[in-house]
file target_27.txt (compact mmCIF, N, CA and C atoms)
# COMPACT_ATOMS: atom_id res chain seq x y z
N MET A 1 173.13 86.98 142.44
CA MET A 1 171.92 87.04 141.67
C MET A 1 171.87 85.89 140.65
N ALA A 2 173.01 85.58 140.05
CA ALA A 2 173.04 84.50 139.07
C ALA A 2 172.72 83.17 139.73
N TYR A 3 173.29 82.93 140.90
CA TYR A 3 173.02 81.68 141.61
C TYR A 3 171.55 81.61 142.01
N SER A 4 171.02 82.70 142.50
CA SER A 4 169.64 82.75 142.93
C SER A 4 168.69 82.49 141.75
N ALA A 5 168.96 83.11 140.62
CA ALA A 5 168.11 82.94 139.44
C ALA A 5 168.14 81.51 138.91
N HIS A 6 169.24 80.82 139.14
CA HIS A 6 169.40 79.45 138.64
C HIS A 6 169.49 78.46 139.80
N SER A 7 168.86 78.77 140.93
CA SER A 7 169.02 77.94 142.14
C SER A 7 168.54 76.51 141.97
N GLU A 8 167.58 76.28 141.08
CA GLU A 8 167.13 74.90 140.87
C GLU A 8 168.14 74.08 140.09
N LYS A 9 168.91 74.72 139.22
CA LYS A 9 169.95 74.06 138.42
C LYS A 9 171.14 75.01 138.29
N PRO A 10 171.90 75.20 139.37
CA PRO A 10 173.00 76.17 139.32
C PRO A 10 174.08 75.81 138.30
N GLU A 11 174.20 74.53 137.96
CA GLU A 11 175.20 74.15 136.97
C GLU A 11 174.90 74.75 135.60
N ALA A 12 173.67 75.18 135.37
CA ALA A 12 173.31 75.83 134.11
C ALA A 12 173.98 77.20 133.99
N ALA A 13 174.37 77.77 135.12
CA ALA A 13 174.97 79.11 135.11
C ALA A 13 176.47 79.07 135.39
N LEU A 14 177.11 77.93 135.14
CA LEU A 14 178.55 77.83 135.39
C LEU A 14 179.36 78.89 134.64
N CYS A 15 178.86 79.34 133.51
CA CYS A 15 179.59 80.37 132.76
C CYS A 15 179.78 81.62 133.60
N MET A 16 178.88 81.86 134.56
CA MET A 16 179.00 83.02 135.44
C MET A 16 179.52 82.65 136.82
N LEU A 17 179.19 81.46 137.31
CA LEU A 17 179.49 81.08 138.69
C LEU A 17 180.86 80.47 138.91
N ALA A 18 181.47 79.93 137.89
CA ALA A 18 182.75 79.24 138.07
C ALA A 18 183.95 80.18 137.99
N GLN A 19 183.70 81.46 137.92
CA GLN A 19 184.78 82.44 137.82
C GLN A 19 185.06 83.06 139.18
N PRO A 20 186.28 83.55 139.41
CA PRO A 20 186.56 84.24 140.68
C PRO A 20 185.63 85.44 140.85
N LEU A 21 185.11 85.61 142.05
CA LEU A 21 184.13 86.66 142.30
C LEU A 21 184.68 88.06 142.07
N LEU A 22 185.94 88.27 142.41
CA LEU A 22 186.51 89.61 142.28
C LEU A 22 187.08 89.92 140.91
N THR A 23 187.31 88.88 140.11
CA THR A 23 187.81 89.07 138.74
C THR A 23 187.03 88.17 137.80
N PRO A 24 185.77 88.50 137.54
CA PRO A 24 184.92 87.59 136.77
C PRO A 24 185.31 87.43 135.31
N GLY A 25 185.86 88.45 134.68
CA GLY A 25 186.30 88.33 133.30
C GLY A 25 185.25 88.72 132.27
N ASP A 26 185.69 88.71 131.02
CA ASP A 26 184.88 89.17 129.90
C ASP A 26 183.64 88.32 129.68
N LEU A 27 183.75 87.01 129.83
CA LEU A 27 182.61 86.13 129.61
C LEU A 27 181.46 86.50 130.54
N VAL A 28 181.74 86.63 131.81
CA VAL A 28 180.70 86.98 132.78
C VAL A 28 180.11 88.35 132.46
N GLU A 29 180.96 89.29 132.13
CA GLU A 29 180.51 90.64 131.78
C GLU A 29 179.54 90.61 130.60
N GLN A 30 179.86 89.84 129.59
CA GLN A 30 179.01 89.77 128.41
C GLN A 30 177.67 89.09 128.70
N ILE A 31 177.70 88.00 129.44
CA ILE A 31 176.47 87.27 129.73
C ILE A 31 175.58 88.09 130.66
N GLN A 32 176.16 88.73 131.67
CA GLN A 32 175.35 89.47 132.63
C GLN A 32 174.95 90.86 132.14
N SER A 33 175.40 91.27 130.99
CA SER A 33 175.06 92.61 130.50
C SER A 33 173.58 92.74 130.17
N THR A 34 172.90 91.66 129.90
CA THR A 34 171.47 91.68 129.62
C THR A 34 170.79 90.67 130.54
N SER A 35 169.96 91.17 131.44
CA SER A 35 169.33 90.26 132.41
C SER A 35 168.48 89.19 131.75
N GLU A 36 167.87 89.51 130.62
CA GLU A 36 167.05 88.52 129.92
C GLU A 36 167.91 87.34 129.44
N ILE A 37 169.18 87.57 129.24
CA ILE A 37 170.10 86.51 128.84
C ILE A 37 170.67 85.82 130.08
N ALA A 38 171.14 86.62 131.03
CA ALA A 38 171.82 86.07 132.21
C ALA A 38 170.93 85.19 133.07
N TYR A 39 169.66 85.51 133.15
CA TYR A 39 168.79 84.81 134.09
C TYR A 39 167.75 83.97 133.37
N SER A 40 168.15 83.40 132.26
CA SER A 40 167.26 82.54 131.48
C SER A 40 168.03 81.34 130.95
N VAL A 41 167.41 80.61 130.06
CA VAL A 41 168.03 79.45 129.42
C VAL A 41 169.29 79.86 128.65
N CYS A 42 169.42 81.12 128.31
CA CYS A 42 170.59 81.58 127.57
C CYS A 42 171.88 81.37 128.36
N ALA A 43 171.80 81.45 129.69
CA ALA A 43 172.98 81.18 130.52
C ALA A 43 173.40 79.73 130.36
N SER A 44 172.44 78.84 130.24
CA SER A 44 172.72 77.43 130.02
C SER A 44 173.40 77.21 128.67
N VAL A 45 172.95 77.94 127.67
CA VAL A 45 173.57 77.87 126.34
C VAL A 45 175.01 78.35 126.41
N ALA A 46 175.23 79.46 127.11
CA ALA A 46 176.60 79.99 127.25
C ALA A 46 177.48 79.01 128.01
N THR A 47 176.93 78.38 129.05
CA THR A 47 177.68 77.37 129.79
C THR A 47 178.04 76.22 128.88
N ARG A 48 177.09 75.77 128.12
CA ARG A 48 177.31 74.65 127.20
C ARG A 48 178.40 74.98 126.18
N LEU A 49 178.40 76.21 125.70
CA LEU A 49 179.37 76.62 124.69
C LEU A 49 180.75 76.90 125.26
N TYR A 50 180.82 77.59 126.39
CA TYR A 50 182.07 78.20 126.81
C TYR A 50 182.76 77.60 128.03
N VAL A 51 182.12 76.67 128.73
CA VAL A 51 182.75 76.07 129.91
C VAL A 51 183.19 74.65 129.60
N ASP A 52 184.45 74.37 129.88
CA ASP A 52 184.97 73.02 129.76
C ASP A 52 184.59 72.30 131.06
N VAL A 53 183.63 71.39 130.98
CA VAL A 53 183.11 70.76 132.19
C VAL A 53 184.14 69.86 132.87
N GLU A 54 185.13 69.42 132.15
CA GLU A 54 186.16 68.58 132.76
C GLU A 54 187.07 69.37 133.69
N THR A 55 187.41 70.59 133.29
CA THR A 55 188.34 71.41 134.08
C THR A 55 187.65 72.53 134.84
N GLY A 56 186.43 72.88 134.43
CA GLY A 56 185.74 73.99 135.06
C GLY A 56 186.24 75.34 134.60
N SER A 57 187.05 75.33 133.56
CA SER A 57 187.62 76.59 133.08
C SER A 57 186.89 77.06 131.82
N ILE A 58 187.11 78.31 131.51
CA ILE A 58 186.51 78.90 130.32
C ILE A 58 187.37 78.52 129.11
N LYS A 59 186.71 78.14 128.04
CA LYS A 59 187.41 77.74 126.83
C LYS A 59 188.11 78.94 126.19
N LYS A 60 189.23 78.68 125.58
CA LYS A 60 189.99 79.71 124.89
C LYS A 60 189.14 80.30 123.76
N GLY A 61 189.11 81.62 123.69
CA GLY A 61 188.36 82.32 122.65
C GLY A 61 186.95 82.70 123.05
N ALA A 62 186.52 82.29 124.24
CA ALA A 62 185.16 82.61 124.69
C ALA A 62 185.01 84.10 124.95
N GLY A 63 186.04 84.72 125.49
CA GLY A 63 186.02 86.17 125.71
C GLY A 63 186.49 86.89 124.47
N GLY A 64 186.52 88.17 124.52
CA GLY A 64 187.00 88.95 123.38
C GLY A 64 185.91 89.21 122.36
N LYS A 65 186.35 89.53 121.14
CA LYS A 65 185.41 89.96 120.10
C LYS A 65 185.36 89.03 118.90
N GLY A 66 186.09 87.93 118.94
CA GLY A 66 186.20 87.05 117.79
C GLY A 66 184.93 86.26 117.49
N LEU A 67 184.96 85.58 116.35
CA LEU A 67 183.82 84.76 115.93
C LEU A 67 183.50 83.72 116.99
N GLY A 68 182.23 83.59 117.30
CA GLY A 68 181.78 82.61 118.27
C GLY A 68 181.96 83.01 119.72
N SER A 69 182.52 84.19 119.98
CA SER A 69 182.76 84.62 121.36
C SER A 69 181.46 84.98 122.07
N ALA A 70 181.54 85.14 123.38
CA ALA A 70 180.37 85.51 124.17
C ALA A 70 179.83 86.87 123.75
N ARG A 71 180.70 87.77 123.37
CA ARG A 71 180.25 89.09 122.90
C ARG A 71 179.39 88.94 121.65
N ARG A 72 179.80 88.07 120.75
CA ARG A 72 179.02 87.83 119.53
C ARG A 72 177.71 87.13 119.86
N LEU A 73 177.76 86.20 120.83
CA LEU A 73 176.55 85.49 121.23
C LEU A 73 175.51 86.46 121.77
N THR A 74 175.92 87.35 122.66
CA THR A 74 174.97 88.24 123.29
C THR A 74 174.61 89.43 122.40
N ALA A 75 175.57 90.24 122.07
CA ALA A 75 175.28 91.49 121.34
C ALA A 75 174.86 91.26 119.90
N SER A 76 175.52 90.35 119.23
CA SER A 76 175.26 90.19 117.80
C SER A 76 174.22 89.13 117.48
N TYR A 77 173.85 88.33 118.46
CA TYR A 77 172.89 87.28 118.12
C TYR A 77 171.68 87.27 119.04
N LEU A 78 171.85 86.90 120.31
CA LEU A 78 170.70 86.75 121.20
C LEU A 78 169.93 88.05 121.38
N ASN A 79 170.62 89.16 121.54
CA ASN A 79 169.91 90.44 121.70
C ASN A 79 169.14 90.83 120.44
N GLN A 80 169.57 90.34 119.31
CA GLN A 80 168.84 90.64 118.07
C GLN A 80 167.65 89.70 117.87
N ILE A 81 167.84 88.41 118.11
CA ILE A 81 166.73 87.48 117.85
C ILE A 81 165.63 87.58 118.90
N ARG A 82 165.97 88.10 120.09
CA ARG A 82 164.93 88.20 121.13
C ARG A 82 163.84 89.20 120.78
N VAL A 83 164.09 90.04 119.78
CA VAL A 83 163.07 90.97 119.31
C VAL A 83 161.92 90.21 118.65
N ASN A 84 162.25 89.12 117.96
CA ASN A 84 161.24 88.36 117.21
C ASN A 84 160.93 86.98 117.79
N LEU A 85 161.79 86.49 118.66
CA LEU A 85 161.59 85.16 119.23
C LEU A 85 161.50 85.24 120.75
N ASP A 86 160.72 84.36 121.33
CA ASP A 86 160.64 84.26 122.78
C ASP A 86 161.78 83.35 123.25
N ILE A 87 162.98 83.91 123.38
CA ILE A 87 164.14 83.08 123.72
C ILE A 87 164.02 82.51 125.13
N ARG A 88 163.31 83.18 126.01
CA ARG A 88 163.12 82.66 127.37
C ARG A 88 162.22 81.43 127.38
N GLY A 89 161.40 81.29 126.37
CA GLY A 89 160.51 80.14 126.28
C GLY A 89 161.10 78.98 125.50
N MET A 90 162.30 79.16 124.97
CA MET A 90 162.95 78.11 124.19
C MET A 90 163.78 77.22 125.10
N THR A 91 164.06 76.03 124.64
CA THR A 91 164.95 75.13 125.38
C THR A 91 166.39 75.37 124.95
N GLU A 92 167.30 74.84 125.73
CA GLU A 92 168.72 74.93 125.40
C GLU A 92 168.98 74.33 124.02
N ALA A 93 168.42 73.15 123.78
CA ALA A 93 168.64 72.47 122.50
C ALA A 93 168.10 73.29 121.33
N GLU A 94 166.95 73.92 121.52
CA GLU A 94 166.39 74.75 120.45
C GLU A 94 167.29 75.94 120.14
N LEU A 95 167.77 76.60 121.19
CA LEU A 95 168.66 77.74 120.96
C LEU A 95 169.97 77.31 120.31
N LEU A 96 170.53 76.21 120.79
CA LEU A 96 171.78 75.72 120.19
C LEU A 96 171.60 75.36 118.72
N SER A 97 170.43 74.84 118.39
CA SER A 97 170.20 74.41 117.01
C SER A 97 170.08 75.57 116.02
N ILE A 98 169.76 76.77 116.49
CA ILE A 98 169.62 77.91 115.57
C ILE A 98 170.81 78.85 115.60
N LEU A 99 171.84 78.48 116.35
CA LEU A 99 173.04 79.32 116.37
C LEU A 99 173.73 79.28 115.01
N PRO A 100 174.26 80.41 114.57
CA PRO A 100 175.01 80.43 113.31
C PRO A 100 176.26 79.55 113.39
N SER A 101 176.81 79.22 112.26
CA SER A 101 177.96 78.31 112.19
C SER A 101 179.20 78.84 112.90
N GLU A 102 179.29 80.14 113.15
CA GLU A 102 180.48 80.66 113.84
C GLU A 102 180.63 80.08 115.24
N PHE A 103 179.56 79.52 115.81
CA PHE A 103 179.60 78.94 117.15
C PHE A 103 179.92 77.45 117.14
N ASP A 104 180.03 76.86 115.97
CA ASP A 104 180.25 75.42 115.86
C ASP A 104 181.51 74.96 116.58
N ARG A 105 182.56 75.74 116.53
CA ARG A 105 183.81 75.30 117.17
C ARG A 105 183.65 75.15 118.68
N PHE A 106 182.81 75.97 119.29
CA PHE A 106 182.57 75.83 120.72
C PHE A 106 181.62 74.67 121.02
N LYS A 107 180.72 74.39 120.11
CA LYS A 107 179.84 73.24 120.29
C LYS A 107 180.65 71.95 120.27
N GLN A 108 181.68 71.90 119.44
CA GLN A 108 182.47 70.69 119.27
C GLN A 108 183.44 70.46 120.42
N GLU A 109 183.93 71.52 121.04
CA GLU A 109 184.91 71.39 122.13
C GLU A 109 184.19 71.07 123.43
N GLY A 110 184.34 69.86 123.91
CA GLY A 110 183.75 69.49 125.20
C GLY A 110 182.24 69.65 125.20
N PHE A 111 181.57 69.00 124.26
CA PHE A 111 180.14 69.19 124.09
C PHE A 111 179.31 68.42 125.11
N ALA A 112 179.94 67.83 126.11
CA ALA A 112 179.19 67.12 127.14
C ALA A 112 178.23 68.08 127.82
N ASN A 113 177.05 67.62 128.09
CA ASN A 113 176.03 68.47 128.68
C ASN A 113 176.18 68.47 130.20
N PRO A 114 176.54 69.61 130.80
CA PRO A 114 176.72 69.64 132.24
C PRO A 114 175.41 69.50 133.02
N MET A 115 174.27 69.67 132.35
CA MET A 115 173.00 69.57 133.03
C MET A 115 172.53 68.12 133.17
N THR A 116 172.90 67.27 132.23
CA THR A 116 172.40 65.90 132.27
C THR A 116 173.50 64.86 132.33
N GLY A 117 174.74 65.27 132.12
CA GLY A 117 175.83 64.31 132.11
C GLY A 117 176.06 63.71 133.49
N SER A 118 176.66 62.55 133.52
CA SER A 118 176.91 61.90 134.79
C SER A 118 178.28 62.26 135.36
N SER A 119 178.95 63.16 134.70
CA SER A 119 180.28 63.57 135.13
C SER A 119 180.23 64.21 136.52
N THR A 120 181.22 63.91 137.32
CA THR A 120 181.29 64.51 138.65
C THR A 120 182.04 65.83 138.61
N SER A 121 182.54 66.22 137.46
CA SER A 121 183.34 67.44 137.38
C SER A 121 182.54 68.68 137.71
N SER A 122 181.24 68.75 137.34
CA SER A 122 180.46 69.94 137.68
C SER A 122 180.26 70.02 139.19
N ALA A 123 180.15 68.87 139.86
CA ALA A 123 180.06 68.88 141.31
C ALA A 123 181.34 69.43 141.91
N GLY A 124 182.49 69.06 141.34
CA GLY A 124 183.77 69.58 141.81
C GLY A 124 183.87 71.08 141.65
N ILE A 125 183.33 71.58 140.57
CA ILE A 125 183.34 73.02 140.33
C ILE A 125 182.53 73.71 141.42
N PHE A 126 181.38 73.16 141.77
CA PHE A 126 180.55 73.78 142.80
C PHE A 126 181.17 73.64 144.18
N ASP A 127 181.90 72.57 144.42
CA ASP A 127 182.62 72.46 145.69
C ASP A 127 183.65 73.59 145.81
N ARG A 128 184.37 73.84 144.71
CA ARG A 128 185.35 74.94 144.71
C ARG A 128 184.66 76.29 144.89
N LEU A 129 183.51 76.47 144.25
CA LEU A 129 182.77 77.72 144.37
C LEU A 129 182.29 77.93 145.80
N ARG A 130 181.74 76.89 146.41
CA ARG A 130 181.28 77.00 147.79
C ARG A 130 182.44 77.35 148.72
N LYS A 131 183.59 76.75 148.49
CA LYS A 131 184.77 77.03 149.30
C LYS A 131 185.19 78.50 149.12
N GLN A 132 185.18 78.97 147.87
CA GLN A 132 185.54 80.36 147.57
C GLN A 132 184.60 81.34 148.28
N LEU A 133 183.33 80.96 148.38
CA LEU A 133 182.34 81.82 149.03
C LEU A 133 182.31 81.62 150.54
N GLY A 134 183.11 80.68 151.05
CA GLY A 134 183.13 80.40 152.49
C GLY A 134 181.90 79.65 152.95
N MET A 135 181.31 78.85 152.07
CA MET A 135 180.08 78.14 152.40
C MET A 135 180.32 76.70 152.82
N ASN A 136 181.56 76.24 152.91
CA ASN A 136 181.84 74.86 153.30
C ASN A 136 181.91 74.72 154.79
call {"tool": "encode", "arguments": {"input": "target_27.txt", "output": "structure tokens"}}
result
Amino acid sequence: MAYSAHSEKPEAALCMLAQPLLTPGDLVEQIQSTSEIAYSVCASVATRLYVDVETGSIKKGAGGKGLGSARRLTASYLNQIRVNLDIRGMTEAELLSILPSEFDRFKQEGFANPMTGSSTSSAGIFDRLRKQLGMN
């Protein structure tokens, strides 16, 4: 469903797609817990914050309950602001700009944009994903 929802730009959903299918982990669970977050620009924000585009791995501290974690992003922030803001109508940059300072450490770690960067690492991640799904 995540791939289908982001089929035009699947790299925007790397936070959900780059994980093993049978053991997705806390990050995927948190992002997919609210469909309005999982299938919108919010997935791109989570990818930008929590995926190291060089390695394709999840950054340390993204899961769990700590400051700046995916749980805080979804439950404590995005689910609250969506009551008053049209988060689905916002851009990634707009959402990133209004995040509280607790998310700054994730913005600073590997802040390369996987959607516009010229890095081939996101392509490598999708090659691994296709292989995992038996699509090669």
call {"tool": "residues_around", "arguments": {"input": "target_27.txt", "residues": "segment 22-30 of chain A", "least_positions_apart": "5", "cutoff": "6.5 Å", "atoms": "all atoms listed in the file", "output": "PyMOL selection string"}}
result
chain A and resi 15-16+62-64+70-71+74
call {"tool": "closest_residue", "arguments": {"input": "target_27.txt", "among": "A:Leu67, A:Val45, A:Val51, A:Ile37", "to": "Glu102 of chain A", "atoms": "only N, CA and C atoms"}}
result
A:Leu67
call {"tool": "select_by_dssp", "arguments": {"input": "target_27.txt", "residues": "segment 12-81 of chain A", "states": "alpha helix (DSSP H)", "output": "ChimeraX atom specification"}}
result
/A:14-17,25-32,35-38,41-50,70-71,79-81
call {"tool": "closest_residue", "arguments": {"input": "target_27.txt", "among": "A:Asn84, A:Ala12, A:Lys59, A:Ala5", "to": "Thr47 of chain A", "atoms": "only C-alpha atoms"}}
result
A:Ala12
call {"tool": "closest_residue", "arguments": {"input": "target_27.txt", "among": "A:Arg72, A:Lys9, A:Lys65, A:Arg82", "to": "Ala46 of chain A", "atoms": "only C-alpha atoms"}}
result
A:Arg72
call {"tool": "axis_aligned_box", "arguments": {"input": "target_27.txt", "around": "segment 49-53 of chain A", "padding_each_side": "6 Å", "output": "lines of an AutoDock Vina configuration file"}}
result
center_x = 181.7
center_y = 74.0
center_z = 128.8
size_x = 18.6
size_y = 20.3
size_z = 20.2
call {"tool": "atom_distance", "arguments": {"input": "target_27.txt", "atom1": "atom CA of Glu8 of chain A", "atom2": "atom CA of Gln80 of chain A"}}
result
27.8 Å
call {"tool": "closest_residue", "arguments": {"input": "target_27.txt", "among": "A:Leu14, A:Ile81, A:Cys42, A:Leu21", "to": "Pro100 of chain A", "atoms": "only C-alpha atoms"}}
result
A:Ile81
call {"tool": "atom_distance", "arguments": {"input": "target_27.txt", "atom1": "atom N of Val41 of chain A", "atom2": "atom N of Gly61 of chain A"}}
result
22.6 Å
call {"tool": "residues_around", "arguments": {"input": "target_27.txt", "residues": "Glu36 of chain A", "least_positions_apart": "5", "cutoff": "9 Å", "atoms": "only C-alpha atoms", "output": "CSV table (one decimal) with N, CA and C atoms, in the frame of the given file"}}
result
chain,number,residue,atom,x,y,z
A,42,CYS,N,169.4,81.1,128.3
A,42,CYS,CA,170.6,81.6,127.6
A,42,CYS,C,171.9,81.4,128.4
A,79,ASN,N,170.6,89.2,121.5
A,79,ASN,CA,169.9,90.4,121.7
A,79,ASN,C,169.1,90.8,120.4
A,87,ILE,N,163.0,83.9,123.4
A,87,ILE,CA,164.1,83.1,123.7
A,87,ILE,C,164.0,82.5,125.1
A,88,ARG,N,163.3,83.2,126.0
A,88,ARG,CA,163.1,82.7,127.4
A,88,ARG,C,162.2,81.4,127.4
call {"tool": "atom_distance", "arguments": {"input": "target_27.txt", "atom1": "atom N of Tyr77 of chain A", "atom2": "atom C of Pro20 of chain A"}}
result
25.5 Å
